[in-house]
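This is coords-v7.json (JSON, C-alpha atoms and all ligand atoms).
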[["chain", "number", "residue", "atom", "x", "y", "z"],
["A", 1, "MET", "CA", 194.35, 120.07, 116.25],
["A", 2, "SER", "CA", 194.55, 116.86, 114.20],
["A", 3, "GLU", "CA", 197.93, 116.44, 112.55],
["A", 4, "GLY", "CA", 198.27, 115.15, 109.00],
["A", 5, "LEU", "CA", 196.60, 115.61, 105.66],
["A", 6, "ILE", "CA", 192.92, 114.87, 105.16],
["A", 7, "LEU", "CA", 191.62, 114.36, 101.62],
["A", 8, "LYS", "CA", 187.85, 113.96, 101.37],
["A", 9, "ASP", "CA", 185.72, 113.88, 98.23],
["A", 10, "ALA", "CA", 188.40, 115.56, 96.10],
["A", 11, "ALA", "CA", 187.01, 116.23, 92.63],
["A", 12, "VAL", "CA", 188.44, 117.92, 89.53],
["A", 13, "ARG", "CA", 186.65, 118.76, 86.28],
["A", 14, "PHE", "CA", 188.31, 119.86, 83.08],
["A", 15, "GLY", "CA", 185.62, 121.28, 80.81],
["A", 16, "GLY", "CA", 182.72, 118.88, 81.13],
["A", 17, "ARG", "CA", 184.95, 115.94, 82.04],
["A", 18, "GLU", "CA", 185.28, 114.68, 85.59],
["A", 19, "VAL", "CA", 188.90, 113.61, 85.97],
["A", 20, "LEU", "CA", 188.93, 113.08, 89.71],
["A", 21, "LYS", "CA", 185.71, 111.76, 91.21],
["A", 22, "GLY", "CA", 185.11, 112.00, 94.96],
["A", 23, "PHE", "CA", 188.56, 110.83, 95.96],
["A", 24, "THR", "CA", 188.83, 110.09, 99.70],
["A", 25, "LEU", "CA", 191.86, 108.69, 101.45],
["A", 26, "ALA", "CA", 192.54, 107.66, 105.05],
["A", 27, "PRO", "CA", 194.43, 110.57, 106.71],
["A", 28, "LEU", "CA", 198.09, 110.85, 105.69],
["A", 29, "LYS", "CA", 200.16, 110.91, 108.86],
["A", 30, "PRO", "CA", 203.39, 112.75, 109.65],
["A", 31, "GLY", "CA", 206.36, 110.38, 109.34],
["A", 32, "GLU", "CA", 204.72, 108.23, 106.67],
["A", 33, "VAL", "CA", 205.41, 107.87, 102.96],
["A", 34, "THR", "CA", 202.32, 107.19, 100.86],
["A", 35, "VAL", "CA", 202.71, 106.20, 97.23],
["A", 36, "LEU", "CA", 199.99, 107.07, 94.75],
["A", 37, "ALA", "CA", 199.96, 104.55, 91.91],
["A", 38, "GLY", "CA", 197.71, 103.92, 88.93],
["A", 39, "PRO", "CA", 197.75, 103.73, 85.14],
["A", 40, "ASN", "CA", 198.50, 106.61, 82.76],
["A", 41, "GLY", "CA", 195.70, 109.15, 82.80],
["A", 42, "ALA", "CA", 194.20, 107.88, 86.08],
["A", 43, "GLY", "CA", 194.37, 111.36, 87.65],
["A", 44, "LYS", "CA", 197.50, 111.12, 89.84],
["A", 45, "SER", "CA", 199.17, 114.36, 88.71],
["A", 46, "THR", "CA", 195.81, 116.09, 88.81],
["A", 47, "LEU", "CA", 195.36, 115.09, 92.46],
["A", 48, "LEU", "CA", 198.82, 116.35, 93.41],
["A", 49, "LYS", "CA", 198.23, 119.62, 91.54],
["A", 50, "GLY", "CA", 194.83, 119.93, 93.26],
["A", 51, "ILE", "CA", 196.46, 119.57, 96.70],
["A", 52, "ALA", "CA", 199.03, 122.22, 95.72],
["A", 53, "ARG", "CA", 196.10, 124.36, 94.42],
["A", 54, "LEU", "CA", 197.54, 124.31, 90.90],
["A", 55, "ALA", "CA", 194.39, 122.66, 89.53],
["A", 56, "PRO", "CA", 190.77, 123.70, 90.24],
["A", 57, "VAL", "CA", 189.77, 121.23, 92.92],
["A", 58, "ALA", "CA", 186.59, 120.71, 94.96],
["A", 59, "GLY", "CA", 186.30, 118.76, 98.21],
["A", 60, "GLU", "CA", 187.91, 118.87, 101.61],
["A", 61, "MET", "CA", 191.69, 119.18, 101.89],
["A", 62, "VAL", "CA", 192.92, 119.89, 105.40],
["A", 63, "LEU", "CA", 196.55, 120.09, 106.54],
["A", 64, "ASP", "CA", 197.16, 119.95, 110.31],
["A", 65, "GLY", "CA", 193.61, 121.13, 110.97],
["A", 66, "GLU", "CA", 193.70, 124.02, 108.48],
["A", 67, "ALA", "CA", 191.86, 123.99, 105.14],
["A", 68, "LEU", "CA", 194.31, 124.42, 102.25],
["A", 69, "SER", "CA", 191.71, 126.57, 100.51],
["A", 70, "SER", "CA", 191.79, 129.12, 103.32],
["A", 71, "MET", "CA", 195.58, 129.54, 103.27],
["A", 72, "SER", "CA", 197.24, 132.36, 101.36],
["A", 73, "ALA", "CA", 199.61, 131.42, 98.52],
["A", 74, "PRO", "CA", 202.75, 132.27, 100.58],
["A", 75, "GLN", "CA", 201.40, 130.22, 103.53],
["A", 76, "ARG", "CA", 200.87, 127.26, 101.21],
["A", 77, "ALA", "CA", 204.32, 127.76, 99.67],
["A", 78, "ARG", "CA", 205.87, 127.49, 103.13],
["A", 79, "LYS", "CA", 203.94, 124.36, 104.03],
["A", 80, "ILE", "CA", 203.91, 122.45, 100.73],
["A", 81, "GLY", "CA", 206.86, 121.32, 98.61],
["A", 82, "PHE", "CA", 205.77, 120.20, 95.14],
["A", 83, "MET", "CA", 208.08, 118.35, 92.76],
["A", 84, "PRO", "CA", 206.28, 118.35, 89.40],
["A", 85, "GLN", "CA", 206.52, 115.69, 86.71],
["A", 86, "SER", "CA", 208.16, 118.12, 84.26],
["A", 87, "LEU", "CA", 211.76, 119.00, 85.05],
["A", 88, "PRO", "CA", 212.92, 122.55, 85.73],
["A", 89, "SER", "CA", 214.31, 124.34, 82.68],
["A", 90, "ALA", "CA", 215.03, 127.93, 83.77],
["A", 91, "ALA", "CA", 217.98, 127.94, 81.40],
["A", 92, "SER", "CA", 219.77, 131.10, 82.41],
["A", 93, "LEU", "CA", 219.98, 130.24, 86.14],
["A", 94, "SER", "CA", 222.60, 128.15, 87.86],
["A", 95, "VAL", "CA", 221.57, 125.21, 90.05],
["A", 96, "LEU", "CA", 222.32, 127.18, 93.21],
["A", 97, "GLU", "CA", 220.30, 130.18, 91.99],
["A", 98, "CYS", "CA", 217.33, 127.91, 91.21],
["A", 99, "VAL", "CA", 217.36, 126.41, 94.68],
["A", 100, "ILE", "CA", 217.73, 129.84, 96.33],
["A", 101, "ALA", "CA", 214.79, 131.08, 94.22],
["A", 102, "ALA", "CA", 212.71, 128.13, 95.48],
["A", 103, "LEU", "CA", 213.74, 128.93, 99.06],
["A", 104, "ARG", "CA", 212.65, 132.55, 98.69],
["A", 105, "ALA", "CA", 209.32, 131.60, 97.10],
["A", 106, "GLY", "CA", 208.00, 130.95, 100.63],
["A", 107, "GLY", "CA", 208.79, 134.50, 101.67],
["A", 108, "ALA", "CA", 211.48, 133.53, 104.20],
["A", 109, "HIS", "CA", 215.28, 133.41, 104.03],
["A", 110, "HIS", "CA", 216.05, 136.62, 102.21],
["A", 111, "GLY", "CA", 219.37, 136.98, 104.03],
["A", 112, "PRO", "CA", 222.84, 135.72, 103.16],
["A", 113, "ASP", "CA", 222.10, 132.38, 104.85],
["A", 114, "ALA", "CA", 219.93, 131.47, 101.84],
["A", 115, "ALA", "CA", 222.98, 130.32, 99.85],
["A", 116, "GLU", "CA", 224.24, 128.29, 102.81],
["A", 117, "LYS", "CA", 220.88, 126.58, 103.24],
["A", 118, "ALA", "CA", 220.62, 125.84, 99.51],
["A", 119, "MET", "CA", 224.16, 124.42, 99.44],
["A", 120, "ALA", "CA", 223.38, 122.18, 102.41],
["A", 121, "VAL", "CA", 220.47, 120.64, 100.48],
["A", 122, "LEU", "CA", 222.59, 120.14, 97.35],
["A", 123, "THR", "CA", 225.28, 118.47, 99.47],
["A", 124, "ARG", "CA", 222.75, 116.13, 101.08],
["A", 125, "LEU", "CA", 221.54, 115.10, 97.64],
["A", 126, "GLY", "CA", 225.10, 114.57, 96.37],
["A", 127, "ILE", "CA", 224.91, 117.31, 93.74],
["A", 128, "SER", "CA", 226.92, 120.14, 95.36],
["A", 129, "HIS", "CA", 229.48, 119.84, 92.52],
["A", 130, "LEU", "CA", 226.73, 121.03, 90.15],
["A", 131, "ALA", "CA", 225.95, 124.21, 92.14],
["A", 132, "LEU", "CA", 227.42, 126.64, 89.62],
["A", 133, "GLU", "CA", 226.37, 124.77, 86.47],
["A", 134, "ALA", "CA", 223.66, 126.24, 84.27],
["A", 135, "LEU", "CA", 220.48, 124.20, 84.55],
["A", 136, "GLU", "CA", 220.25, 123.84, 80.77],
["A", 137, "LYS", "CA", 223.56, 121.94, 80.70],
["A", 138, "LEU", "CA", 222.43, 119.22, 83.09],
["A", 139, "SER", "CA", 221.25, 115.73, 82.19],
["A", 140, "GLY", "CA", 217.62, 114.76, 82.84],
["A", 141, "GLY", "CA", 218.56, 112.82, 85.96],
["A", 142, "GLN", "CA", 220.66, 115.69, 87.33],
["A", 143, "ARG", "CA", 217.77, 118.09, 86.77],
["A", 144, "GLN", "CA", 215.45, 115.69, 88.60],
["A", 145, "MET", "CA", 217.74, 115.83, 91.66],
["A", 146, "VAL", "CA", 217.70, 119.66, 91.42],
["A", 147, "SER", "CA", 213.92, 119.51, 91.30],
["A", 148, "LEU", "CA", 213.91, 117.54, 94.58],
["A", 149, "ALA", "CA", 216.27, 120.13, 96.08],
["A", 150, "GLN", "CA", 213.82, 122.88, 95.07],
["A", 151, "ALA", "CA", 210.85, 121.00, 96.55],
["A", 152, "THR", "CA", 212.56, 120.28, 99.87],
["A", 153, "VAL", "CA", 214.68, 123.38, 100.55],
["A", 154, "ARG", "CA", 211.89, 125.15, 102.49],
["A", 155, "ASP", "CA", 211.53, 122.13, 104.82],
["A", 156, "PRO", "CA", 207.87, 121.75, 103.89],
["A", 157, "ARG", "CA", 205.41, 120.03, 106.19],
["A", 158, "LEU", "CA", 203.87, 118.26, 103.17],
["A", 159, "LEU", "CA", 206.01, 116.96, 100.31],
["A", 160, "LEU", "CA", 204.29, 116.09, 97.00],
["A", 161, "LEU", "CA", 206.45, 114.21, 94.48],
["A", 162, "ASP", "CA", 205.27, 113.45, 90.95],
["A", 163, "GLU", "CA", 207.27, 110.54, 89.51],
["A", 164, "PRO", "CA", 210.45, 111.68, 91.27],
["A", 165, "THR", "CA", 212.60, 108.78, 90.04],
["A", 166, "SER", "CA", 211.55, 108.64, 86.37],
["A", 167, "ALA", "CA", 214.90, 109.95, 85.04],
["A", 168, "LEU", "CA", 217.22, 108.45, 87.66],
["A", 169, "ASP", "CA", 219.69, 105.57, 87.44],
["A", 170, "LEU", "CA", 219.45, 102.77, 90.03],
["A", 171, "ALA", "CA", 221.86, 104.28, 92.56],
["A", 172, "ARG", "CA", 220.23, 107.69, 92.41],
["A", 173, "GLN", "CA", 216.76, 106.15, 92.79],
["A", 174, "VAL", "CA", 217.98, 104.71, 96.10],
["A", 175, "ARG", "CA", 219.60, 108.03, 97.08],
["A", 176, "LEU", "CA", 216.45, 110.01, 96.31],
["A", 177, "LEU", "CA", 214.13, 107.58, 98.08],
["A", 178, "SER", "CA", 216.45, 107.34, 101.10],
["A", 179, "GLU", "CA", 216.35, 111.14, 101.31],
["A", 180, "VAL", "CA", 212.56, 111.06, 101.03],
["A", 181, "ARG", "CA", 212.38, 108.54, 103.90],
["A", 182, "ARG", "CA", 214.73, 110.68, 105.96],
["A", 183, "ILE", "CA", 212.51, 113.72, 105.36],
["A", 184, "ALA", "CA", 209.45, 111.71, 106.42],
["A", 185, "SER", "CA", 211.24, 110.52, 109.55],
["A", 186, "GLU", "CA", 211.55, 114.17, 110.63],
["A", 187, "GLY", "CA", 207.76, 114.10, 111.05],
["A", 188, "ARG", "CA", 206.77, 115.32, 107.60],
["A", 189, "ILE", "CA", 204.01, 114.03, 105.34],
["A", 190, "VAL", "CA", 205.02, 112.57, 101.97],
["A", 191, "LEU", "CA", 202.77, 111.70, 99.02],
["A", 192, "ALA", "CA", 204.64, 110.44, 95.94],
["A", 193, "VAL", "CA", 203.47, 109.20, 92.55],
["A", 194, "LEU", "CA", 205.47, 106.15, 91.45],
["A", 195, "HIS", "CA", 204.86, 103.81, 88.53],
["A", 196, "ASP", "CA", 207.32, 101.16, 89.69],
["A", 197, "LEU", "CA", 205.27, 99.12, 92.17],
["A", 198, "ALA", "CA", 208.25, 97.05, 93.37],
["A", 199, "LEU", "CA", 210.06, 100.29, 94.19],
["A", 200, "ALA", "CA", 206.89, 101.61, 95.83],
["A", 201, "ALA", "CA", 206.55, 98.45, 97.92],
["A", 202, "ARG", "CA", 210.15, 98.77, 99.09],
["A", 203, "TRP", "CA", 209.92, 102.41, 100.16],
["A", 204, "ALA", "CA", 206.29, 103.22, 101.01],
["A", 205, "ASP", "CA", 204.32, 102.67, 104.19],
["A", 206, "ARG", "CA", 201.09, 102.70, 102.21],
["A", 207, "ILE", "CA", 200.08, 102.50, 98.58],
["A", 208, "ALA", "CA", 196.91, 104.11, 97.22],
["A", 209, "VAL", "CA", 195.82, 103.00, 93.77],
["A", 210, "LEU", "CA", 193.93, 105.49, 91.65],
["A", 211, "HIS", "CA", 191.88, 104.04, 88.83],
["A", 212, "GLN", "CA", 189.74, 106.14, 86.48],
["A", 213, "GLY", "CA", 189.66, 109.06, 88.90],
["A", 214, "ARG", "CA", 188.61, 107.01, 91.92],
["A", 215, "LEU", "CA", 190.40, 105.26, 94.78],
["A", 216, "TYR", "CA", 190.59, 101.56, 93.89],
["A", 217, "ALA", "CA", 192.53, 100.32, 96.95],
["A", 218, "GLU", "CA", 194.78, 101.55, 99.71],
["A", 219, "GLY", "CA", 196.85, 99.93, 102.44],
["A", 220, "PRO", "CA", 200.21, 98.33, 103.15],
["A", 221, "PRO", "CA", 202.02, 97.43, 99.88],
["A", 222, "ALA", "CA", 201.72, 93.65, 100.34],
["A", 223, "GLU", "CA", 197.93, 93.96, 100.69],
["A", 224, "VAL", "CA", 197.46, 96.30, 97.72],
["A", 225, "VAL", "CA", 199.88, 94.93, 95.13],
["A", 226, "THR", "CA", 198.19, 91.69, 94.12],
["A", 227, "PRO", "CA", 197.68, 89.83, 90.82],
["A", 228, "ALA", "CA", 193.96, 90.68, 91.00],
["A", 229, "MET", "CA", 194.66, 94.44, 91.29],
["A", 230, "LEU", "CA", 197.22, 94.28, 88.48],
["A", 231, "ALA", "CA", 194.72, 92.51, 86.22],
["A", 232, "GLU", "CA", 191.80, 94.81, 86.97],
["A", 233, "VAL", "CA", 193.59, 98.16, 87.12],
["A", 234, "TYR", "CA", 196.52, 97.72, 84.74],
["A", 235, "GLY", "CA", 195.12, 94.99, 82.46],
["A", 236, "VAL", "CA", 198.13, 92.70, 82.87],
["A", 237, "GLU", "CA", 198.57, 89.11, 83.99],
["A", 238, "ALA", "CA", 201.24, 89.22, 86.66],
["A", 239, "ARG", "CA", 202.83, 87.38, 89.54],
["A", 240, "VAL", "CA", 203.75, 89.04, 92.81],
["A", 241, "GLU", "CA", 206.51, 87.41, 94.81],
["A", 242, "ARG", "CA", 207.63, 88.27, 98.31],
["A", 243, "CYS", "CA", 211.38, 88.72, 98.74],
["A", 244, "SER", "CA", 213.51, 89.33, 101.81],
["A", 245, "LYS", "CA", 212.91, 92.39, 104.05],
["A", 246, "GLY", "CA", 209.27, 92.61, 102.99],
["A", 247, "ALA", "CA", 210.13, 93.64, 99.43],
["A", 248, "LEU", "CA", 207.99, 92.50, 96.49],
["A", 249, "THR", "CA", 208.88, 91.49, 92.96],
["A", 250, "VAL", "CA", 206.27, 92.10, 90.29],
["A", 251, "LEU", "CA", 206.62, 89.87, 87.22],
["A", 252, "ILE", "CA", 204.45, 90.87, 84.29],
["A", 253, "ASP", "CA", 203.61, 87.88, 82.05],
["A", 254, "ARG", "CA", 201.37, 89.45, 79.42],
["A", 255, "GLU", "CA", 198.85, 92.15, 78.63],
["A", 256, "LEU", "CA", 195.27, 90.91, 79.01],
["A", 257, "GLU", "CA", 192.69, 91.31, 76.28],
["A", 258, "PRO", "CA", 190.31, 94.21, 77.09],
["A", 259, "ALA", "CA", 187.09, 92.84, 78.68],
["A", 301, "LIG", "N1", 194.74, 120.97, 82.11],
["A", 301, "LIG", "C1", 194.02, 119.95, 81.66],
["A", 301, "LIG", "N2", 192.96, 120.14, 80.85],
["A", 301, "LIG", "C2", 192.19, 119.12, 80.42],
["A", 301, "LIG", "N3", 192.41, 117.83, 80.74],
["A", 301, "LIG", "C3", 193.45, 117.55, 81.55],
["A", 301, "LIG", "C4", 194.32, 118.59, 82.05],
["A", 301, "LIG", "N4", 195.26, 118.01, 82.84],
["A", 301, "LIG", "C5", 195.01, 116.68, 82.82],
["A", 301, "LIG", "N5", 193.93, 116.40, 82.06],
["A", 301, "LIG", "C6", 193.34, 115.08, 81.82],
["A", 301, "LIG", "O1", 193.10, 114.48, 83.06],
["A", 301, "LIG", "C7", 193.34, 113.07, 83.00],
["A", 301, "LIG", "C8", 194.26, 112.70, 84.14],
["A", 301, "LIG", "O2", 195.55, 113.26, 83.87],
["A", 301, "LIG", "P1", 196.73, 113.16, 84.89],
["A", 301, "LIG", "O3", 197.89, 113.90, 84.32],
["A", 301, "LIG", "O4", 196.27, 113.53, 86.24],
["A", 301, "LIG", "O5", 197.02, 111.58, 84.87],
["A", 301, "LIG", "P2", 198.16, 110.73, 85.55],
["A", 301, "LIG", "O6", 197.50, 109.67, 86.34],
["A", 301, "LIG", "O7", 199.10, 111.62, 86.27],
["A", 301, "LIG", "O8", 198.86, 110.09, 84.27],
["A", 301, "LIG", "P3", 200.38, 109.73, 83.90],
["A", 301, "LIG", "O9", 200.71, 108.45, 84.66],
["A", 301, "LIG", "O10", 200.33, 109.47, 82.44],
["A", 301, "LIG", "O11", 201.27, 110.88, 84.28],
["A", 301, "LIG", "C9", 193.89, 112.79, 81.61],
["A", 301, "LIG", "O12", 192.86, 112.25, 80.84],
["A", 301, "LIG", "C10", 194.31, 114.14, 81.11],
["A", 301, "LIG", "O13", 194.16, 114.24, 79.72]]

Would you put the structure from the file into structure tokens?
Amino acid sequence: MSEGLILKDAAVRFGGREVLKGFTLAPLKPGEVTVLAGPNGAGKSTLLKGIARLAPVAGEMVLDGEALSSMSAPQRARKIGFMPQSLPSAASLSVLECVIAALRAGGAHHGPDAAEKAMAVLTRLGISHLALEALEKLSGGQRQMVSLAQATVRDPRLLLLDEPTSALDLARQVRLLSEVRRIASEGRIVLAVLHDLALAARWADRIAVLHQGRLYAEGPPAEVVTPAMLAEVYGVEARVERCSKGALTVLIDRELEPA
């Protein structure tokens, strides 16, 4: 059995419009973090939803040798953790209850150890002090950390993250991405949408750039994040500078006139 996630010719149509067009990626391997980047409306969330079977997707999607389309919903829930772009807002539940509900969504952990497991995840993410707070009272950044707790509490084989750092301050961005790297290092597969390419370059093994529903480029960050890509895909004139430890700085000089 081949381990990893295979995405071949993924396509999504909404009405008559083709949003994702024959998207194929080199196999995503356990232990690796792949960042999916691209401009607004490129199709990134649609691809993640398609993998999680929350959007009507065609093409081949195979996880550890098994087609996602042939799995039952509970099987998929056990194998895939999905952190959506929109933050959780189940107002009447506490943080702990939300995370326990996410744990039970996979069909396992109905016993008293569910609370213990949920608390362990909250502690790892540094938000155990929020356990008994109502979700509606949390800040956007706090809710985003709860959303990660929900996506990871079932120890999924495949973790899909849609702009997981968009509401986080600098320290919590590092905390979240460190946790994501730790999860990957346990032999899990991670695919995350990030807009911040410098952040992506610092934390990802590979970056895939989606442009107008198609794969534009993929590879190690230093090979993918180039002034030519930034001009063609994002329409900006930019400089890319290498820093220490392989990190990149992206300096945007101006928006280019449309061709
Ligand atoms: N349910 C839907 N019905 C119709 N069109 C949709 C639906 N969901 C997304 N789209 C369209 O698909 C295109 C891609 O949207 P998607 O949300 O995947 O983009 P994205 O790359 O995640 O963008 P962003 O960076 O702004 O979050 C957009 O043009 C959007 O309007």

### Message
Just the number, please: distance in Å from atom CA of Asp205 of chain A to atom CA of Leu191 of chain A, one decimal.
### Response
10.5 Å

Sorted by chain and rising residue number, which residues of chain A lie within 6 Å of ligand LIG 301 (chain A), and what are their closest atom pairs and distances in Å to one decimal, counting all atoms listed in the file, as CSV?
residue,atom,partner,partner_atom,distance
A:Phe14,CA,A:LIG301,C2,4.8
A:Val19,CA,A:LIG301,O1,5.2
A:Pro39,CA,A:LIG301,O9,5.6
A:Asn40,CA,A:LIG301,O10,3.4
A:Gly41,CA,A:LIG301,O5,3.5
A:Ala42,CA,A:LIG301,O6,3.8
A:Gly43,CA,A:LIG301,O4,3.2
A:Lys44,CA,A:LIG301,O6,3.8
A:Ser45,CA,A:LIG301,O7,3.7
A:Thr46,CA,A:LIG301,O4,3.7

### Within 10 Å of file point (210.6, 118.2, 91.7), counting only C-alpha atoms, expressed as a ChimeraX atom specification
/A:81-88,143-152,159-165

Pro220 of chain A: which residues within 10 Å, counting only C-alpha atoms, same-chain residues fewer than 5 positions away excluded, as a tab-separated table (two decimals) with C-alpha atoms, keeping the file's coordinate frame?
chain	number	residue	atom	x	y	z
A	34	THR	CA	202.32	107.19	100.86
A	201	ALA	CA	206.55	98.45	97.92
A	204	ALA	CA	206.29	103.22	101.01
A	205	ASP	CA	204.32	102.67	104.19
A	206	ARG	CA	201.09	102.70	102.21
A	207	ILE	CA	200.08	102.50	98.58
A	208	ALA	CA	196.91	104.11	97.22
A	225	VAL	CA	199.88	94.93	95.13

### Message
Using only C-alpha atoms and a cutoff of 12 Å, can you tell me which residues are near (215.3, 116.2, 103.6) in the file's coordinates, and write them out as number ranges by chain?
### Response
A: 81, 117-118, 120-125, 148-159, 175-190

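If you look at atom CA of Ala58 of chain A and atom CA of Arg76 of chain A, they are 16.9 Å away from each other.
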
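What separates atom CA of Thr249 of chain A from atom CA of Asp196 of chain A is a distance of 10.3 Å.
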
### Query
Taking into account only C-alpha atoms, which residue in the set A:Leu199, A:Val99, A:Leu251, A:Leu168 is nearest to Leu230 of chain A?
A:Leu251

Could you add N, CA and C atoms to segment 211-225 of chain A and give me the result as a tab-separated table (two decimals), in the coordinates of the input?
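Below you can see part-v3.tsv, which holds the result:
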chain	number	residue	atom	x	y	z
A	211	HIS	N	192.31	104.67	90.07
A	211	HIS	CA	191.88	104.04	88.83
A	211	HIS	C	190.67	104.81	88.30
A	212	GLN	N	190.83	105.39	87.11
A	212	GLN	CA	189.74	106.14	86.48
A	212	GLN	C	189.17	107.21	87.41
A	213	GLY	N	190.08	107.93	88.08
A	213	GLY	CA	189.66	109.06	88.90
A	213	GLY	C	189.13	108.71	90.27
A	214	ARG	N	189.12	107.42	90.61
A	214	ARG	CA	188.61	107.01	91.92
A	214	ARG	C	189.66	106.18	92.65
A	215	LEU	N	189.52	106.12	94.00
A	215	LEU	CA	190.40	105.26	94.78
A	215	LEU	C	189.97	103.81	94.56
A	216	TYR	N	190.91	102.98	94.11
A	216	TYR	CA	190.59	101.56	93.89
A	216	TYR	C	190.93	100.76	95.14
A	217	ALA	N	192.11	101.05	95.74
A	217	ALA	CA	192.53	100.32	96.95
A	217	ALA	C	193.58	101.14	97.67
A	218	GLU	N	193.68	100.94	98.97
A	218	GLU	CA	194.78	101.55	99.71
A	218	GLU	C	195.13	100.67	100.89
A	219	GLY	N	196.40	100.72	101.30
A	219	GLY	CA	196.85	99.93	102.44
A	219	GLY	C	198.32	99.63	102.35
A	220	PRO	N	198.80	98.72	103.21
A	220	PRO	CA	200.21	98.33	103.15
A	220	PRO	C	200.49	97.70	101.78
A	221	PRO	N	201.71	97.91	101.22
A	221	PRO	CA	202.02	97.43	99.88
A	221	PRO	C	201.65	95.97	99.62
A	222	ALA	N	201.96	95.08	100.58
A	222	ALA	CA	201.72	93.65	100.34
A	222	ALA	C	200.22	93.35	100.19
A	223	GLU	N	199.39	94.20	100.80
A	223	GLU	CA	197.93	93.96	100.69
A	223	GLU	C	197.37	94.53	99.40
A	224	VAL	N	198.02	95.58	98.89
A	224	VAL	CA	197.46	96.30	97.72
A	224	VAL	C	197.99	95.74	96.40
A	225	VAL	N	199.28	95.40	96.38
A	225	VAL	CA	199.88	94.93	95.13
A	225	VAL	C	199.63	93.43	95.00
